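Enquirer: The following file, upload_24.txt, comprises compact mmCIF, C-alpha atoms:
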```
# COMPACT_ATOMS: atom_id res chain seq x y z
CA MET A 1 23.57 125.53 117.73
CA ILE A 2 27.23 124.52 117.94
CA TRP A 3 26.80 123.29 121.52
CA ILE A 4 23.64 121.42 120.52
CA LEU A 5 25.54 119.69 117.71
CA ILE A 6 28.46 118.87 120.00
CA GLY A 7 26.07 117.54 122.63
CA GLY A 8 24.20 115.44 120.08
CA LEU A 9 27.49 114.00 118.79
CA LEU A 10 28.61 113.08 122.29
CA ILE A 11 25.29 111.41 123.02
CA PHE A 12 25.57 109.45 119.73
CA LEU A 13 29.12 108.33 120.50
CA ILE A 14 28.23 107.23 124.02
CA LEU A 15 25.06 105.48 122.88
CA GLN A 16 26.91 103.74 120.04
CA SER A 17 29.61 102.55 122.43
CA VAL A 18 27.05 101.16 124.90
CA LEU A 19 25.02 99.44 122.19
CA LEU A 20 28.14 97.93 120.58
CA LYS A 21 29.33 96.48 123.88
CA THR A 22 26.05 94.68 124.36
CA GLY A 23 25.13 93.75 120.79
CA TRP A 24 28.09 94.10 118.41
CA ARG A 25 28.03 90.38 117.58
CA ARG A 26 24.31 90.27 116.78
CA GLY A 27 23.63 90.26 113.01
CA LEU A 28 27.35 90.17 112.22
CA GLU A 29 28.54 87.41 109.85
CA VAL A 30 32.21 86.92 109.02
CA SER A 31 33.74 84.19 106.85
CA VAL A 32 36.92 83.41 104.95
CA LYS A 33 37.13 80.91 102.09
CA PHE A 34 39.70 79.62 99.63
CA THR A 35 38.20 80.26 96.21
CA ASP A 36 39.88 77.17 94.66
CA PRO A 37 39.75 73.62 96.05
CA TYR A 38 43.25 73.01 94.72
CA ALA A 39 46.18 74.62 92.95
CA TYR A 40 49.56 73.47 91.73
CA GLU A 41 52.86 74.66 93.18
CA GLY A 42 53.57 78.13 91.84
CA ASP A 43 49.94 78.84 90.92
CA LYS A 44 48.09 81.94 92.07
CA SER A 45 44.82 81.72 93.97
CA LYS A 46 42.62 83.86 96.20
CA LEU A 47 41.35 83.96 99.75
CA GLN A 48 37.97 85.62 100.03
CA GLU A 49 36.86 87.56 103.12
CA VAL A 50 33.16 88.35 103.53
CA VAL A 51 31.78 90.55 106.32
CA VAL A 52 28.05 91.25 106.63
CA ASN A 53 26.45 93.64 109.13
CA ARG A 54 22.71 92.87 109.20
CA LYS A 55 21.79 95.14 112.12
CA TRP A 56 20.79 98.82 112.17
CA LEU A 57 23.91 99.82 114.07
CA PRO A 58 27.14 100.92 112.38
CA VAL A 59 30.45 99.36 113.36
CA SER A 60 33.26 101.88 113.15
CA ALA A 61 36.08 99.30 113.08
CA LEU A 62 36.11 95.51 113.01
CA GLU A 63 39.51 93.84 113.11
CA VAL A 64 39.60 90.39 111.47
CA SER A 65 42.71 88.31 112.27
CA MET A 66 43.67 84.84 111.04
CA ALA A 67 46.65 82.51 110.84
CA MET A 68 47.54 80.50 107.76
CA SER A 69 50.55 78.64 106.42
CA ARG A 70 53.60 80.66 105.46
CA ASN A 71 53.73 78.55 102.28
CA LEU A 72 50.78 80.57 100.96
CA LEU A 73 52.43 83.87 100.11
CA PHE A 74 50.24 86.99 99.90
CA GLU A 75 50.91 89.28 96.95
CA GLY A 76 50.58 93.02 96.40
CA ASP A 77 48.11 94.89 98.62
CA ALA A 78 47.08 91.60 100.23
CA GLY A 79 50.53 91.43 101.81
CA GLU A 80 49.87 94.49 103.97
CA ASN A 81 49.28 94.01 107.70
CA THR A 82 50.91 90.57 107.73
CA ILE A 83 53.53 89.11 110.06
CA LYS A 84 55.42 85.99 109.01
CA THR A 85 56.92 83.74 111.70
CA ASP A 86 56.04 80.05 112.04
CA GLN A 87 52.85 80.98 110.15
CA THR A 88 51.56 84.03 108.33
CA TYR A 89 49.38 86.16 110.59
CA LYS A 90 47.02 88.39 108.66
CA ARG A 91 45.00 91.30 110.06
CA ASP A 92 42.38 93.32 108.16
CA VAL A 93 40.21 96.18 109.39
CA PHE A 94 36.65 96.76 108.15
CA SER A 95 34.42 99.76 108.73
CA PHE A 96 30.78 99.72 107.69
CA LEU A 97 27.38 101.21 108.24
CA PHE A 98 24.18 99.31 108.94
CA GLN A 99 22.86 96.63 106.57
CA GLU A 100 26.11 96.45 104.60
CA LYS A 101 28.18 93.65 103.06
CA ILE A 102 31.89 93.91 102.25
CA THR A 103 33.84 91.34 100.19
CA ARG A 104 37.60 91.36 99.73
CA SER A 105 39.78 89.03 97.64
CA LEU A 106 43.33 88.47 98.82
CA ASP A 107 45.77 87.22 96.17
CA PHE A 108 48.39 84.67 97.16
CA VAL A 109 50.86 82.26 95.55
CA ALA A 110 50.97 78.59 96.56
CA THR A 111 54.70 78.10 97.01
CA LYS A 112 54.82 74.52 98.34
CA ARG A 113 52.74 71.35 98.05
CA GLY A 114 50.55 70.49 101.03
CA TYR A 115 47.11 70.52 102.55
CA TYR A 116 46.13 73.89 104.01
CA GLU A 117 43.19 74.98 106.08
CA ILE A 118 41.90 77.86 108.18
CA THR A 119 39.93 76.71 111.21
CA GLU A 120 39.14 79.97 113.02
CA ILE A 121 39.33 83.74 112.83
CA ASP A 122 39.51 86.32 115.63
CA LEU A 123 37.28 89.39 115.75
CA ASN A 124 37.84 92.63 117.65
CA ALA A 125 35.19 95.38 117.50
CA TYR A 126 35.89 99.06 118.23
CA ASP A 127 33.61 102.05 118.65
CA TYR A 128 34.11 105.53 117.20
CA LEU A 129 36.28 106.46 120.18
CA PHE A 130 38.57 103.52 119.28
CA ARG A 131 37.72 101.68 122.46
CA ASN A 132 37.47 97.89 122.29
CA CYS A 133 33.87 96.74 122.55
CA GLY A 134 34.29 92.98 122.30
CA PHE A 135 36.28 89.98 121.16
CA ALA A 136 35.18 86.68 119.60
CA MET A 137 36.71 83.58 118.01
CA VAL A 138 34.68 82.37 115.05
CA PRO A 139 35.15 78.75 113.80
CA GLN A 140 35.83 78.36 110.09
CA LEU A 141 36.13 75.38 107.77
CA THR A 142 37.95 76.16 104.55
CA GLN A 143 40.72 74.12 103.00
CA MET A 144 42.65 73.57 99.80
CA TYR A 145 45.26 71.21 98.38
CA VAL A 146 48.43 72.39 96.70
CA TYR A 147 49.43 69.68 94.26
CA PRO A 148 53.04 68.98 93.25
CA ALA A 149 54.10 71.08 90.28
CA GLN A 150 54.09 69.25 86.95
CA VAL A 151 57.51 68.82 85.40
CA ASP A 152 58.36 70.34 82.04
CA THR A 153 56.50 68.55 79.25
CA ARG A 154 59.67 68.12 77.16
CA ARG A 155 61.49 66.41 80.04
CA LEU A 156 58.47 64.22 80.70
CA ASN A 157 58.37 63.21 77.03
CA LEU A 158 61.98 62.06 77.33
CA LEU A 159 61.00 59.76 80.18
CA CYS A 160 58.05 58.36 78.23
CA THR A 161 60.30 57.77 75.21
CA ALA A 162 62.77 55.94 77.45
CA ILE A 163 59.99 53.69 78.81
CA SER A 164 58.76 52.90 75.30
CA GLY A 165 62.33 52.20 74.18
CA MET A 166 62.90 49.73 77.02
CA LEU A 167 59.74 47.84 76.08
CA ALA A 168 60.71 47.80 72.40
CA VAL A 169 64.01 46.09 73.29
CA ASN A 170 62.10 43.25 74.97
CA ASN A 171 59.33 42.99 72.41
CA GLN A 172 59.87 44.33 68.90
CA LEU A 173 56.13 44.13 68.22
CA PHE A 174 55.21 46.30 71.22
CA PRO A 175 53.79 49.64 70.07
CA ASP A 176 54.62 52.93 71.74
CA PRO A 177 52.01 53.19 74.54
CA PHE A 178 52.33 56.96 74.69
CA GLU A 179 51.29 57.56 71.10
CA PHE A 180 47.80 58.16 69.71
CA SER A 181 46.10 54.93 68.62
CA GLY A 182 42.50 55.71 67.79
CA ILE A 183 39.17 57.24 68.84
CA ARG A 184 36.50 55.85 71.14
CA GLU A 185 33.30 56.99 72.84
CA TYR A 186 33.56 59.34 75.82
CA GLU A 187 33.37 57.91 79.34
CA PRO A 188 32.55 59.91 82.50
CA THR A 189 36.10 59.47 83.86
CA ASP A 190 37.74 60.96 80.75
CA PRO A 191 39.17 64.50 81.08
CA MET A 192 37.55 67.11 78.84
CA SER A 193 40.94 67.92 77.28
CA LYS A 194 40.92 64.51 75.52
CA ILE A 195 37.67 65.12 73.61
CA ASN A 196 38.05 65.08 69.83
CA TRP A 197 35.55 67.77 68.87
CA LYS A 198 35.65 67.15 65.10
CA SER A 199 34.88 63.44 65.52
CA SER A 200 32.22 64.28 68.12
CA ALA A 201 30.49 66.59 65.64
CA ARG A 202 30.52 63.90 62.93
CA GLN A 203 29.31 61.13 65.25
CA GLY A 204 26.73 63.22 67.06
CA LYS A 205 28.15 62.17 70.44
CA LEU A 206 31.26 62.85 72.47
CA MET A 207 34.36 60.98 71.25
CA VAL A 208 37.83 61.01 72.80
CA ASN A 209 41.33 60.27 71.58
CA GLN A 210 42.48 56.79 72.58
CA PHE A 211 45.97 55.80 73.63
CA ASP A 212 45.46 52.12 74.46
CA SER A 213 48.18 49.74 73.33
CA THR A 214 47.53 46.35 71.77
CA THR A 215 49.64 44.69 74.46
CA ASN A 216 48.85 44.89 78.17
CA LEU A 217 51.23 47.33 79.83
CA ASP A 218 51.45 47.15 83.60
CA PRO A 219 53.76 49.92 84.85
CA VAL A 220 54.83 50.04 88.49
CA LEU A 221 55.97 53.45 89.72
CA ILE A 222 58.30 53.16 92.71
CA PHE A 223 59.55 56.20 94.58
CA ASP A 224 61.78 56.70 97.59
CA ILE A 225 61.87 59.95 99.57
CA GLU A 226 64.13 58.83 102.40
CA ASP A 227 66.32 61.79 103.37
CA SER A 228 68.61 60.54 106.11
CA ARG A 229 71.55 62.89 105.55
CA ILE A 230 72.51 65.45 108.16
CA LEU A 231 72.26 68.15 105.49
CA LYS A 232 68.75 67.57 104.14
CA GLN A 233 68.14 67.58 100.39
CA GLU A 234 64.55 68.78 100.49
CA GLU A 235 64.55 70.10 96.93
CA LEU A 236 65.54 66.68 95.56
CA VAL A 237 62.77 65.06 97.60
CA GLU A 238 60.23 67.55 96.27
CA GLU A 239 61.43 67.03 92.69
CA THR A 240 60.98 63.27 93.18
CA ILE A 241 57.35 63.85 94.12
CA ARG A 242 56.83 66.17 91.15
CA ILE A 243 58.19 63.54 88.75
CA VAL A 244 55.90 60.88 90.25
CA SER A 245 52.85 63.14 89.97
CA SER A 246 53.59 64.00 86.34
CA LEU A 247 54.34 60.42 85.28
CA ALA A 248 51.27 59.05 87.06
CA ALA A 249 49.04 61.59 85.33
CA ARG A 250 50.52 60.79 81.90
CA MET A 251 50.08 57.02 82.33
CA LEU A 252 46.53 57.20 83.62
CA GLU A 253 45.57 59.61 80.84
CA LYS A 254 46.89 57.05 78.37
CA ARG A 255 44.56 54.54 80.02
CA MET A 256 47.23 52.36 81.58
CA PRO A 257 46.69 50.64 84.93
CA LEU A 258 49.21 51.89 87.45
CA GLY A 259 50.74 50.51 90.60
CA ILE A 260 52.50 52.86 93.01
CA VAL A 261 54.95 51.60 95.64
CA SER A 262 56.74 53.93 98.06
CA ASN A 263 58.04 54.42 101.57
CA THR A 264 55.16 56.83 102.23
CA GLU A 265 51.45 56.37 102.87
CA LEU A 266 50.87 56.03 99.11
CA ASN A 267 50.96 52.33 98.16
CA GLU A 268 48.07 51.52 95.87
CA SER A 269 46.94 50.28 92.46
CA PHE A 270 44.87 52.49 90.16
CA ALA A 271 42.60 51.53 87.30
CA PRO A 272 43.12 53.24 83.91
CA GLY A 273 41.54 56.65 83.35
CA GLY A 274 42.14 60.25 84.30
CA GLY A 275 39.54 60.19 87.08
CA LYS A 276 42.12 58.92 89.58
CA ILE A 277 44.58 61.77 89.01
CA PRO A 278 43.03 64.14 91.62
CA LYS A 279 43.14 61.38 94.25
CA ILE A 280 46.82 60.68 93.55
CA ASN A 281 47.69 64.38 93.67
CA GLN A 282 45.81 64.83 96.93
CA MET A 283 47.77 61.96 98.45
CA LEU A 284 51.05 63.27 97.05
CA SER A 285 50.27 66.70 98.47
CA CYS A 286 50.38 65.24 101.96
CA VAL A 287 52.98 62.46 101.77
CA THR A 288 55.88 62.31 104.19
CA SER A 289 58.48 59.63 104.56
CA ASN A 290 57.41 56.84 106.91
CA ASN A 291 59.76 54.71 108.99
CA ARG A 292 60.71 52.46 106.06
CA THR A 293 64.00 53.14 104.35
CA GLY A 294 64.30 52.90 100.60
CA LEU A 295 66.24 49.64 100.98
CA GLU A 296 63.54 48.09 103.17
CA MET A 297 60.89 49.10 100.63
CA LEU A 298 62.80 47.49 97.76
CA THR A 299 63.48 44.34 99.78
CA GLU A 300 59.75 43.91 100.45
CA LEU A 301 58.98 44.59 96.79
CA SER A 302 61.53 41.99 95.70
CA GLU A 303 59.92 39.37 97.94
CA ASP A 304 56.50 40.12 96.44
CA LEU A 305 57.70 40.30 92.85
CA GLY A 306 56.91 36.67 92.04
CA LYS A 307 53.36 37.04 93.32
CA MET A 308 52.86 40.23 91.31
CA ASP A 309 53.97 38.57 88.05
CA ALA A 310 52.14 35.27 88.52
CA GLY A 311 49.51 34.83 85.81
CA THR A 312 49.15 38.49 84.91
CA GLY A 313 50.06 38.01 81.24
CA SER A 314 51.08 41.67 81.13
CA GLU A 315 54.16 43.56 80.04
CA ARG A 316 55.57 44.91 83.30
CA VAL A 317 57.97 47.81 83.54
CA PHE A 318 59.34 49.37 86.72
CA ILE A 319 60.08 53.08 87.02
CA PHE A 320 62.14 53.86 90.11
CA VAL A 321 62.50 57.50 91.20
CA SER A 322 65.03 58.14 93.95
CA LYS A 323 67.90 60.44 94.81
CA ASN A 324 69.46 57.71 96.98
CA ASN A 325 72.02 55.77 94.95
CA HIS A 326 74.10 54.10 97.65
CA GLU A 327 75.41 50.63 96.89
CA GLU A 328 72.82 48.70 98.94
CA ILE A 329 69.93 50.18 96.94
CA ALA A 330 71.77 49.74 93.63
CA GLU A 331 72.43 46.07 94.45
CA SER A 332 68.77 45.52 95.31
CA ILE A 333 67.76 46.97 91.91
CA ARG A 334 70.31 44.75 90.13
CA LYS A 335 68.76 41.65 91.69
CA MET A 336 65.23 42.60 90.63
CA ALA A 337 66.04 43.75 87.11
CA GLY A 338 66.09 41.25 84.28
CA VAL A 339 65.13 40.57 80.69
CA THR A 340 61.43 40.35 81.60
CA THR A 341 61.50 43.04 84.30
CA PRO A 342 63.11 46.16 82.83
CA PHE A 343 63.93 49.00 85.22
CA LEU A 344 64.13 52.71 84.54
CA TRP A 345 65.87 54.60 87.35
CA VAL A 346 65.17 58.34 87.37
CA PHE A 347 67.94 59.84 89.50
CA PRO A 348 67.31 63.45 90.65
CA ARG A 349 70.58 65.26 91.32
CA PHE A 350 71.70 68.85 91.76
CA SER A 351 73.00 70.66 88.67
CA TYR A 352 76.48 71.03 90.17
CA GLU A 353 76.85 67.25 90.59
CA GLU A 354 78.24 64.97 87.90
CA ASP A 355 76.15 62.43 85.99
CA TRP A 356 75.86 59.03 87.61
CA GLN A 357 76.18 56.17 85.12
CA PRO A 358 76.58 52.83 86.93
CA GLU A 359 77.13 49.44 85.31
CA MET A 360 73.69 47.89 85.79
CA PRO A 361 72.40 45.34 83.23
CA TYR A 362 68.72 45.72 82.34
CA VAL A 363 68.59 49.05 84.20
CA ARG A 364 68.56 52.37 82.39
CA VAL A 365 69.54 55.38 84.50
CA ILE A 366 68.35 58.86 83.60
CA ASN A 367 70.05 61.69 85.46
CA TRP A 368 67.45 64.33 86.28
CA GLU A 369 69.12 67.68 86.85
CA VAL A 370 67.65 69.92 89.55
CA LYS A 371 68.78 73.55 89.48
CA VAL A 372 69.44 75.40 92.74
```
The structure in this file should be written as structure tokens.
Expert:
Amino acid sequence: MIWILIGGLLIFLILQSVLLKTGWRRGLEVSVKFTDPYAYEGDKSKLQEVVVNRKWLPVSALEVSMAMSRNLLFEGDAGENTIKTDQTYKRDVFSFLFQEKITRSLDFVATKRGYYEITEIDLNAYDYLFRNCGFAMVPQLTQMYVYPAQVDTRRLNLLCTAISGMLAVNNQLFPDPFEFSGIREYEPTDPMSKINWKSSARQGKLMVNQFDSTTNLDPVLIFDIEDSRILKQEELVEETIRIVSSLAARMLEKRMPLGIVSNTELNESFAPGGGKIPKINQMLSCVTSNNRTGLEMLTELSEDLGKMDAGTGSERVFIFVSKNNHEEIAESIRKMAGVTTPFLWVFPRFSYEEDWQPEMPYVRVINWEVKV
């Protein structure tokens, strides 16, 4: 009986090996997918692996390998069997019987803004004798955006107060555009967080809090991410982008039109409403400095300033976010700033650097400390 069992086992192993070599790929479905279309820097998310064996033949070991950005950091058990070099190379092994489906969720942290995708995975099948039975590359199409982190709400409120204060100096009748001013009916572009549920219950329809001002406010958000130093200041550049993302979201939520000017691919005007925030964050996730310097950008803006102001009848305010404070840029800002064109300069700097307080009429400088 023992020899019969041993013989039967050998026949099974040989037969399984032969069948796997010829048909291991048949009825086998493998996919990976980001569970979230987007996350913010520092957020946790998941990568889902799904393996389905639809044939009546067990697979003793299936090795699934993939490469993804090292900026997506696996956590806990998901970090096992990973090698980090230029990318993170992840390898998982599955073992299953016939007609079986296995799903695994791999936790990771999105550590840096960007656009990330997985375009293929590699499969290696092994029989019960641990001999390789086949290899295949399987195309995939899964992607996600990592948006810039939103700055601390208290620091953002200070910026909004500064903007309101600059406008009040020029027009004593101008109300604070960042304060609540009423209730109106819900529109499809309004975020759900703005719904006033008590008023909605009384009115029998969705109502939202309104932050419109009685005077047209036309903010222009200008940012410069030129980083021409030998020792790069990447963290200051990233903080610049975070400030822009947070300010843009606040202004659009308050139903202000917004113009964005930069030395990146993002140069556009946006209508009021929160519906444009995802588009801006997607663009900010991918921006890199183009060939224009900050000075060239400001020079072009200065030349177009007259056209921008002609006949608008709006209260314009410029918010400039840049770590570059060399004299040429400062002089360009001085020439543009005036009684009717107030400038707020948000100046990101490292915590070990001293405050920068230049003599610039009609320009308010806010030092934005970045800890390292």
Enquirer: Considering all atoms listed in the file, state which residue in the set A:Ser95, A:Asn196, A:Gln48, A:Thr341 is at the smallest distance from Tyr362 in chain A.
Expert: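 Selected residue with least distance to Tyr362 in chain A: A:Thr341.
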Enquirer: Excluding Leu72 in chain A and its own-chain neighbours fewer than 2 positions away, which residues fall within 7 Å of it when counting all atoms listed in the file? Please give them as a list in words.
Expert: Ser69, Arg70, Phe74, Phe108, Val109, Ala110 and Thr111 of chain A
Enquirer: A:Leu62, A:Val287, A:Thr142, A:Tyr147: which is nearest Phe130 in chain A, counting all atoms listed in the file?
Expert: A:Leu62
Enquirer: Counting only C-alpha atoms, which residue out of A:Leu295, A:Leu123, A:Ile230, A:Val220 sits closest to Asn324 in chain A?
Expert: A:Leu295
Enquirer: Of the candidates A:Ile333, A:Ala39, A:Met360, A:Val59, which one gets nearest to Arg26 in chain A if we count only C-alpha atoms?
Expert: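 Comparing A:Ile333, A:Ala39, A:Met360, A:Val59 against Arg26 in chain A, the winner is A:Val59.
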Enquirer: Using only C-alpha atoms, pick whichever of A:Ile222, A:Ile243, A:Val208, A:Ala136 has the shortest atom-to-atom distance to Asn263 in chain A.
Expert: A:Ile222
Enquirer: Set the distance at 9 Å and use all atoms listed in the file: which residues neighbour range 344-353 of chain A once local chain neighbours fewer than 4 positions away are removed? I'd like the list as JSON, numbers by chain.
Expert: {"A": [159, 162, 163, 166, 235, 236, 237, 239, 240, 243, 317, 318, 319, 320, 321, 322, 323, 324, 325, 362, 363, 364, 365, 366, 367, 368, 369, 370, 371, 372]}
Enquirer: Rounded to one decimal place, report the CA of Ala330 in chain A-CA of Asp224 in chain A distance in Å.
Expert: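 Computing the Euclidean distance for CA of Ala330 in chain A and CA of Asp224 in chain A yields 12.8 Å.
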Enquirer: Compare A:Ser65, A:Thr293, A:Asn53, A:Ser302 by their minimum atom-to-atom distance to Phe135 in chain A, counting all atoms listed in the file, and give me the closest one.
Expert: A:Ser65
Enquirer: For the atom pair CA of Lys21 in chain A and CA of Gln99 in chain A, what is the interatomic distance in Å to one decimal place?
Expert: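 Here the two named atoms are 18.5 Å from each other.
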